[in-house]
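K.L.:
Dropping the structure in here first, questions after.
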Amino acid sequence: MDMIGDTLVSPPAAQRVAGRARLFCGKRAGRTRLQRLYQDGSAKIRMPTVQGDPLEAVLINTAGGLTGGDRLGWATEVGEGASVSITTQACEKVYRAASDRAETKVDLRVGAGGRLAWLPQETIVFDRSAFARNLDVELAEGAEALLLEATLFGRLAMGERTVHGSFHDRWRVRQDGRLIHAEDFRIGPDIAAQLQRPAAAGDACAIATLLLVSPRAETLLEPARAIVGDPVIAGGGGASFWKVGQSGKLLARLVAGDGYQLRKRLVPLVELLNGRAGLPKLWSL
């Protein structure tokens, strides 16, 4: 509060980020093409020129990061037989929150025979930040999806480590109306202490989860395990496969001591699981 004369004046409310973007794609004349695009606020989508499928989309948060009270929403609909690959221009940064929390909501829909690769670059969570991410995916019968979320709790190369804060990652994936994958990862307020636990990350500060829903998922299990590494040591992880109706799902988790070590294994794993589409062009080591 400030005093102006004899009047007590409240400080102006901080401006908050509010962005929403929606992308609709469909198959026409043998290729996936953009049908509709909506952008609002700080959420922007750019479409690099490609010679064939998959169609590529790059998500951009023009605010440069998120903090308490910010809201960001991304939605993508992929039509029957279409193929789309989505990444981000850079790592999303979640900064210290004075109050409230930052929230990102992702809504993905894929029609019959369609394919979607959701491959954002890492989210960097800074000390004393508060962040909630919600991923909802609806797949029609015969649709395929590769889903990735990677998180860095600080940047060790910059002398930064996330000690306190709040982080919640929620996934719900359905195929043909049936729930086939659900998880909630929640950590905080003592993030550093909880990451040290062997059952959590074994003192690693970089983690990633990849989920492939595809009939070919089982054939990729052993190659994926070779990339992920030993599950009983820091810098390892694990991979498993389940039969899901006429399809299957491969779930891989990676942990690493820092972002560079994580990406060294994340890059070849994405290349393996994403098939001919390979790695998004904006990714690099």
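Starting from 1 in every chain, residues are counted up; chains themselves are A, B, ... following the order of the structure tokens, and ligands are numbered from 1 as listed.
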Name the residues in contact with Val78 in chain A at a cut-off of 10 Å, using only C-alpha atoms, excluding same-chain residues fewer than 2 positions from it; report them as a ChimeraX atom specification.

P.N.:
/A:23-27,32-35,76,80-84,108-116,139,143

K.L.:
Might you pull out every residue within 9 Å of Glu122 in chain A, with only C-alpha atoms counted and same-chain residues fewer than 2 positions away left off, and present them as a list in words?

P.N.:
Thr88, Ala90, Cys91, Glu92, Lys93, Pro120, Ile124, Glu149, Ala150, Thr151, Leu152, Ala208 and Gly259 of chain A

K.L.:
Write out as a tab-separated table the residues of range 132-180 of chain A that have any atom within 10 Å of an atom of range 64-73 of chain A, one row each with the nearest atom pair and its distance in Å to one decimal, counting only C-alpha atoms, sorted by chain and then rising number.

P.N.:
residue	atom	partner	partner_atom	distance
A:Ala132	CA	A:Arg71	CA	9.9
A:Arg133	CA	A:Leu72	CA	9.6
A:Asn134	CA	A:Gly73	CA	9.5

K.L.:
When you look at Gln246 in chain A with a cut-off of 10 Å (counting only C-alpha atoms), what residues show up, excluding the ones that are within fewer than 2 positions of it in the same chain? I need them as JSON, numbers by chain.

P.N.:
{"A": [141, 142, 214, 215, 243, 244, 248]}

K.L.:
Enter the distance from CA of Cys205 in chain A to CA of Phe126 in chain A, in Å, rounded to one decimal.

P.N.:
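CA of Phe126 in chain A lies at a distance of 11.5 Å from CA of Cys205 in chain A.
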
K.L.:
For the helix (DSSP H, G or I) assignment from backbone DSSP, which residues of range 49-265 of chain A qualify? Please present them as number ranges by chain.

P.N.:
A: 156-158, 191-195, 217-228, 259-265

K.L.:
Please identify the strand (DSSP E or B) residues within range 16-253 of chain A (assignment by DSSP from backbone atoms) and present them as a PDB file with C-alpha atoms, in the first residue's frame.

P.N.:
ATOM      1  CA  ALA A  18      -3.307 -14.973 -20.977  1.00  0.00           C
ATOM      2  CA  GLY A  19      -2.866 -16.863 -24.229  1.00  0.00           C
ATOM      3  CA  ARG A  20      -4.875 -19.405 -26.214  1.00  0.00           C
ATOM      4  CA  ALA A  21      -4.241 -20.964 -29.602  1.00  0.00           C
ATOM      5  CA  ARG A  22      -6.091 -23.645 -31.594  1.00  0.00           C
ATOM      6  CA  LEU A  23      -4.934 -25.549 -34.667  1.00  0.00           C
ATOM      7  CA  PHE A  24      -7.188 -27.624 -36.966  1.00  0.00           C
ATOM      8  CA  CYS A  25      -5.622 -29.818 -39.677  1.00  0.00           C
ATOM      9  CA  GLY A  26      -7.028 -32.263 -42.194  1.00  0.00           C
ATOM     10  CA  LYS A  27      -6.040 -34.463 -45.109  1.00  0.00           C
ATOM     11  CA  ARG A  28      -6.671 -33.060 -48.584  1.00  0.00           C
ATOM     12  CA  ARG A  31      -1.375 -34.185 -47.816  1.00  0.00           C
ATOM     13  CA  THR A  32      -2.082 -32.792 -44.367  1.00  0.00           C
ATOM     14  CA  ARG A  33      -3.093 -29.155 -44.633  1.00  0.00           C
ATOM     15  CA  LEU A  34      -3.997 -26.373 -42.245  1.00  0.00           C
ATOM     16  CA  GLN A  35      -7.759 -25.835 -42.098  1.00  0.00           C
ATOM     17  CA  ARG A  36      -8.250 -23.336 -39.263  1.00  0.00           C
ATOM     18  CA  LEU A  37      -5.984 -21.387 -36.936  1.00  0.00           C
ATOM     19  CA  TYR A  38      -6.918 -19.280 -33.925  1.00  0.00           C
ATOM     20  CA  GLN A  39      -4.507 -17.209 -31.805  1.00  0.00           C
ATOM     21  CA  ASP A  40      -5.151 -14.961 -28.847  1.00  0.00           C
ATOM     22  CA  GLY A  41      -2.884 -13.105 -26.437  1.00  0.00           C
ATOM     23  CA  ALA A  43       0.005 -17.769 -27.652  1.00  0.00           C
ATOM     24  CA  LYS A  44       1.226 -17.912 -31.259  1.00  0.00           C
ATOM     25  CA  ILE A  45       1.626 -20.761 -33.764  1.00  0.00           C
ATOM     26  CA  ARG A  46       3.969 -20.700 -36.764  1.00  0.00           C
ATOM     27  CA  LEU A  55       2.628 -30.955 -41.117  1.00  0.00           C
ATOM     28  CA  GLU A  56       4.828 -29.071 -38.639  1.00  0.00           C
ATOM     29  CA  ALA A  57       3.723 -26.476 -36.095  1.00  0.00           C
ATOM     30  CA  VAL A  58       5.853 -24.383 -33.718  1.00  0.00           C
ATOM     31  CA  LEU A  59       4.296 -22.985 -30.525  1.00  0.00           C
ATOM     32  CA  ILE A  60       5.509 -19.629 -29.198  1.00  0.00           C
ATOM     33  CA  ASN A  61       4.733 -17.896 -25.915  1.00  0.00           C
ATOM     34  CA  LEU A  66       5.232 -17.885 -17.027  1.00  0.00           C
ATOM     35  CA  ARG A  71      -2.689 -18.939 -18.090  1.00  0.00           C
ATOM     36  CA  LEU A  72      -1.724 -20.580 -21.380  1.00  0.00           C
ATOM     37  CA  GLY A  73      -3.819 -22.949 -23.500  1.00  0.00           C
ATOM     38  CA  TRP A  74      -2.978 -24.987 -26.604  1.00  0.00           C
ATOM     39  CA  ALA A  75      -5.460 -27.086 -28.613  1.00  0.00           C
ATOM     40  CA  THR A  76      -4.905 -29.204 -31.725  1.00  0.00           C
ATOM     41  CA  GLU A  77      -7.345 -31.242 -33.795  1.00  0.00           C
ATOM     42  CA  VAL A  78      -5.999 -33.689 -36.375  1.00  0.00           C
ATOM     43  CA  SER A  83      -0.333 -36.250 -39.548  1.00  0.00           C
ATOM     44  CA  VAL A  84       0.994 -33.357 -37.440  1.00  0.00           C
ATOM     45  CA  SER A  85       4.211 -32.760 -35.488  1.00  0.00           C
ATOM     46  CA  ILE A  86       4.213 -30.019 -32.832  1.00  0.00           C
ATOM     47  CA  THR A  87       7.128 -28.527 -30.932  1.00  0.00           C
ATOM     48  CA  THR A  88       8.011 -25.244 -29.217  1.00  0.00           C
ATOM     49  CA  GLU A  92       9.284 -22.778 -21.573  1.00  0.00           C
ATOM     50  CA  LYS A  93      10.425 -21.053 -18.372  1.00  0.00           C
ATOM     51  CA  VAL A  94       8.379 -20.946 -15.176  1.00  0.00           C
ATOM     52  CA  ARG A  96       9.209 -17.464  -9.169  1.00  0.00           C
ATOM     53  CA  ALA A 102       0.946 -20.584 -13.569  1.00  0.00           C
ATOM     54  CA  GLU A 103      -1.216 -23.006 -15.560  1.00  0.00           C
ATOM     55  CA  THR A 104      -0.897 -24.573 -18.998  1.00  0.00           C
ATOM     56  CA  LYS A 105      -3.703 -26.635 -20.529  1.00  0.00           C
ATOM     57  CA  VAL A 106      -3.163 -28.812 -23.595  1.00  0.00           C
ATOM     58  CA  ASP A 107      -6.093 -30.354 -25.487  1.00  0.00           C
ATOM     59  CA  LEU A 108      -5.257 -32.780 -28.333  1.00  0.00           C
ATOM     60  CA  ARG A 109      -7.714 -34.623 -30.625  1.00  0.00           C
ATOM     61  CA  VAL A 110      -6.748 -37.114 -33.351  1.00  0.00           C
ATOM     62  CA  ARG A 115      -1.076 -39.289 -36.123  1.00  0.00           C
ATOM     63  CA  LEU A 116       0.128 -36.598 -33.737  1.00  0.00           C
ATOM     64  CA  ALA A 117       3.592 -36.029 -32.278  1.00  0.00           C
ATOM     65  CA  TRP A 118       3.484 -33.646 -29.286  1.00  0.00           C
ATOM     66  CA  THR A 123      10.071 -26.816 -19.294  1.00  0.00           C
ATOM     67  CA  ILE A 124      12.518 -25.089 -16.918  1.00  0.00           C
ATOM     68  CA  VAL A 125      11.090 -24.723 -13.411  1.00  0.00           C
ATOM     69  CA  SER A 129       7.782 -21.193  -8.810  1.00  0.00           C
ATOM     70  CA  ALA A 130       4.288 -22.708  -8.844  1.00  0.00           C
ATOM     71  CA  PHE A 131       3.091 -24.505 -11.964  1.00  0.00           C
ATOM     72  CA  ALA A 132       0.320 -26.892 -13.052  1.00  0.00           C
ATOM     73  CA  ARG A 133       0.217 -28.559 -16.477  1.00  0.00           C
ATOM     74  CA  ASN A 134      -2.805 -30.476 -17.781  1.00  0.00           C
ATOM     75  CA  LEU A 135      -2.608 -32.743 -20.852  1.00  0.00           C
ATOM     76  CA  ASP A 136      -5.872 -34.171 -22.245  1.00  0.00           C
ATOM     77  CA  VAL A 137      -5.711 -36.412 -25.334  1.00  0.00           C
ATOM     78  CA  GLU A 138      -8.562 -38.036 -27.291  1.00  0.00           C
ATOM     79  CA  LEU A 139      -7.607 -40.606 -29.939  1.00  0.00           C
ATOM     80  CA  GLU A 144      -1.491 -42.859 -33.118  1.00  0.00           C
ATOM     81  CA  ALA A 145       0.225 -40.396 -30.793  1.00  0.00           C
ATOM     82  CA  LEU A 146       3.701 -39.703 -29.441  1.00  0.00           C
ATOM     83  CA  LEU A 147       3.544 -37.511 -26.330  1.00  0.00           C
ATOM     84  CA  LEU A 148       6.480 -35.930 -24.514  1.00  0.00           C
ATOM     85  CA  GLU A 149       6.940 -33.683 -21.515  1.00  0.00           C
ATOM     86  CA  ALA A 150      10.425 -32.976 -20.133  1.00  0.00           C
ATOM     87  CA  THR A 151      11.137 -30.862 -17.051  1.00  0.00           C
ATOM     88  CA  LEU A 152      14.296 -29.321 -15.617  1.00  0.00           C
ATOM     89  CA  PHE A 153      14.254 -28.348 -11.948  1.00  0.00           C
ATOM     90  CA  GLY A 165       8.153 -24.654  -5.191  1.00  0.00           C
ATOM     91  CA  SER A 166       5.072 -26.452  -6.442  1.00  0.00           C
ATOM     92  CA  PHE A 167       4.770 -28.577  -9.594  1.00  0.00           C
ATOM     93  CA  HIS A 168       1.842 -30.695 -10.821  1.00  0.00           C
ATOM     94  CA  ASP A 169       1.727 -32.601 -14.122  1.00  0.00           C
ATOM     95  CA  ARG A 170      -1.565 -34.320 -15.034  1.00  0.00           C
ATOM     96  CA  TRP A 171      -2.097 -36.600 -18.080  1.00  0.00           C
ATOM     97  CA  ARG A 172      -5.320 -38.197 -19.331  1.00  0.00           C
ATOM     98  CA  VAL A 173      -5.237 -40.154 -22.603  1.00  0.00           C
ATOM     99  CA  ARG A 174      -8.288 -41.852 -24.105  1.00  0.00           C
ATOM    100  CA  GLN A 175      -8.672 -43.970 -27.223  1.00  0.00           C
ATOM    101  CA  ARG A 178     -11.703 -45.525 -23.214  1.00  0.00           C
ATOM    102  CA  LEU A 179      -9.154 -44.274 -20.700  1.00  0.00           C
ATOM    103  CA  ILE A 180      -5.821 -45.912 -21.581  1.00  0.00           C
ATOM    104  CA  HIS A 181      -3.363 -43.764 -19.626  1.00  0.00           C
ATOM    105  CA  ALA A 182      -3.649 -41.576 -16.533  1.00  0.00           C
ATOM    106  CA  GLU A 183      -0.982 -40.126 -14.291  1.00  0.00           C
ATOM    107  CA  ASP A 184      -0.483 -37.305 -11.820  1.00  0.00           C
ATOM    108  CA  PHE A 185       3.020 -36.229 -10.834  1.00  0.00           C
ATOM    109  CA  ARG A 186       3.036 -33.773  -7.955  1.00  0.00           C
ATOM    110  CA  ILE A 187       6.063 -32.443  -6.087  1.00  0.00           C
ATOM    111  CA  ALA A 206      16.016 -33.444 -15.085  1.00  0.00           C
ATOM    112  CA  ILE A 207      13.144 -35.791 -15.939  1.00  0.00           C
ATOM    113  CA  ALA A 208      11.138 -36.747 -19.018  1.00  0.00           C
ATOM    114  CA  THR A 209       8.113 -38.896 -19.845  1.00  0.00           C
ATOM    115  CA  LEU A 210       7.344 -40.213 -23.334  1.00  0.00           C
ATOM    116  CA  LEU A 211       4.216 -42.136 -24.270  1.00  0.00           C
ATOM    117  CA  LEU A 212       3.772 -43.805 -27.656  1.00  0.00           C
ATOM    118  CA  VAL A 213       0.324 -45.135 -28.566  1.00  0.00           C
ATOM    119  CA  GLY A 237      15.117 -44.587 -16.366  1.00  0.00           C
ATOM    120  CA  GLY A 238      12.828 -47.308 -17.633  1.00  0.00           C
ATOM    121  CA  ALA A 239      10.484 -48.353 -20.442  1.00  0.00           C
ATOM    122  CA  SER A 240       7.466 -50.687 -20.509  1.00  0.00           C
ATOM    123  CA  PHE A 241       4.818 -51.872 -22.971  1.00  0.00           C
ATOM    124  CA  TRP A 242       1.113 -52.729 -22.601  1.00  0.00           C
ATOM    125  CA  LYS A 243      -1.374 -54.072 -25.132  1.00  0.00           C
ATOM    126  CA  VAL A 244      -4.287 -51.637 -25.540  1.00  0.00           C
ATOM    127  CA  SER A 247      -3.041 -51.009 -30.440  1.00  0.00           C
ATOM    128  CA  GLY A 248      -0.401 -50.752 -27.738  1.00  0.00           C
ATOM    129  CA  LYS A 249       1.364 -48.210 -25.567  1.00  0.00           C
ATOM    130  CA  LEU A 250       5.030 -47.762 -24.770  1.00  0.00           C
ATOM    131  CA  LEU A 251       5.850 -45.641 -21.736  1.00  0.00           C
ATOM    132  CA  ALA A 252       9.411 -44.421 -21.155  1.00  0.00           C
ATOM    133  CA  ARG A 253      10.778 -42.335 -18.298  1.00  0.00           C
TER     134      ARG A 253
END
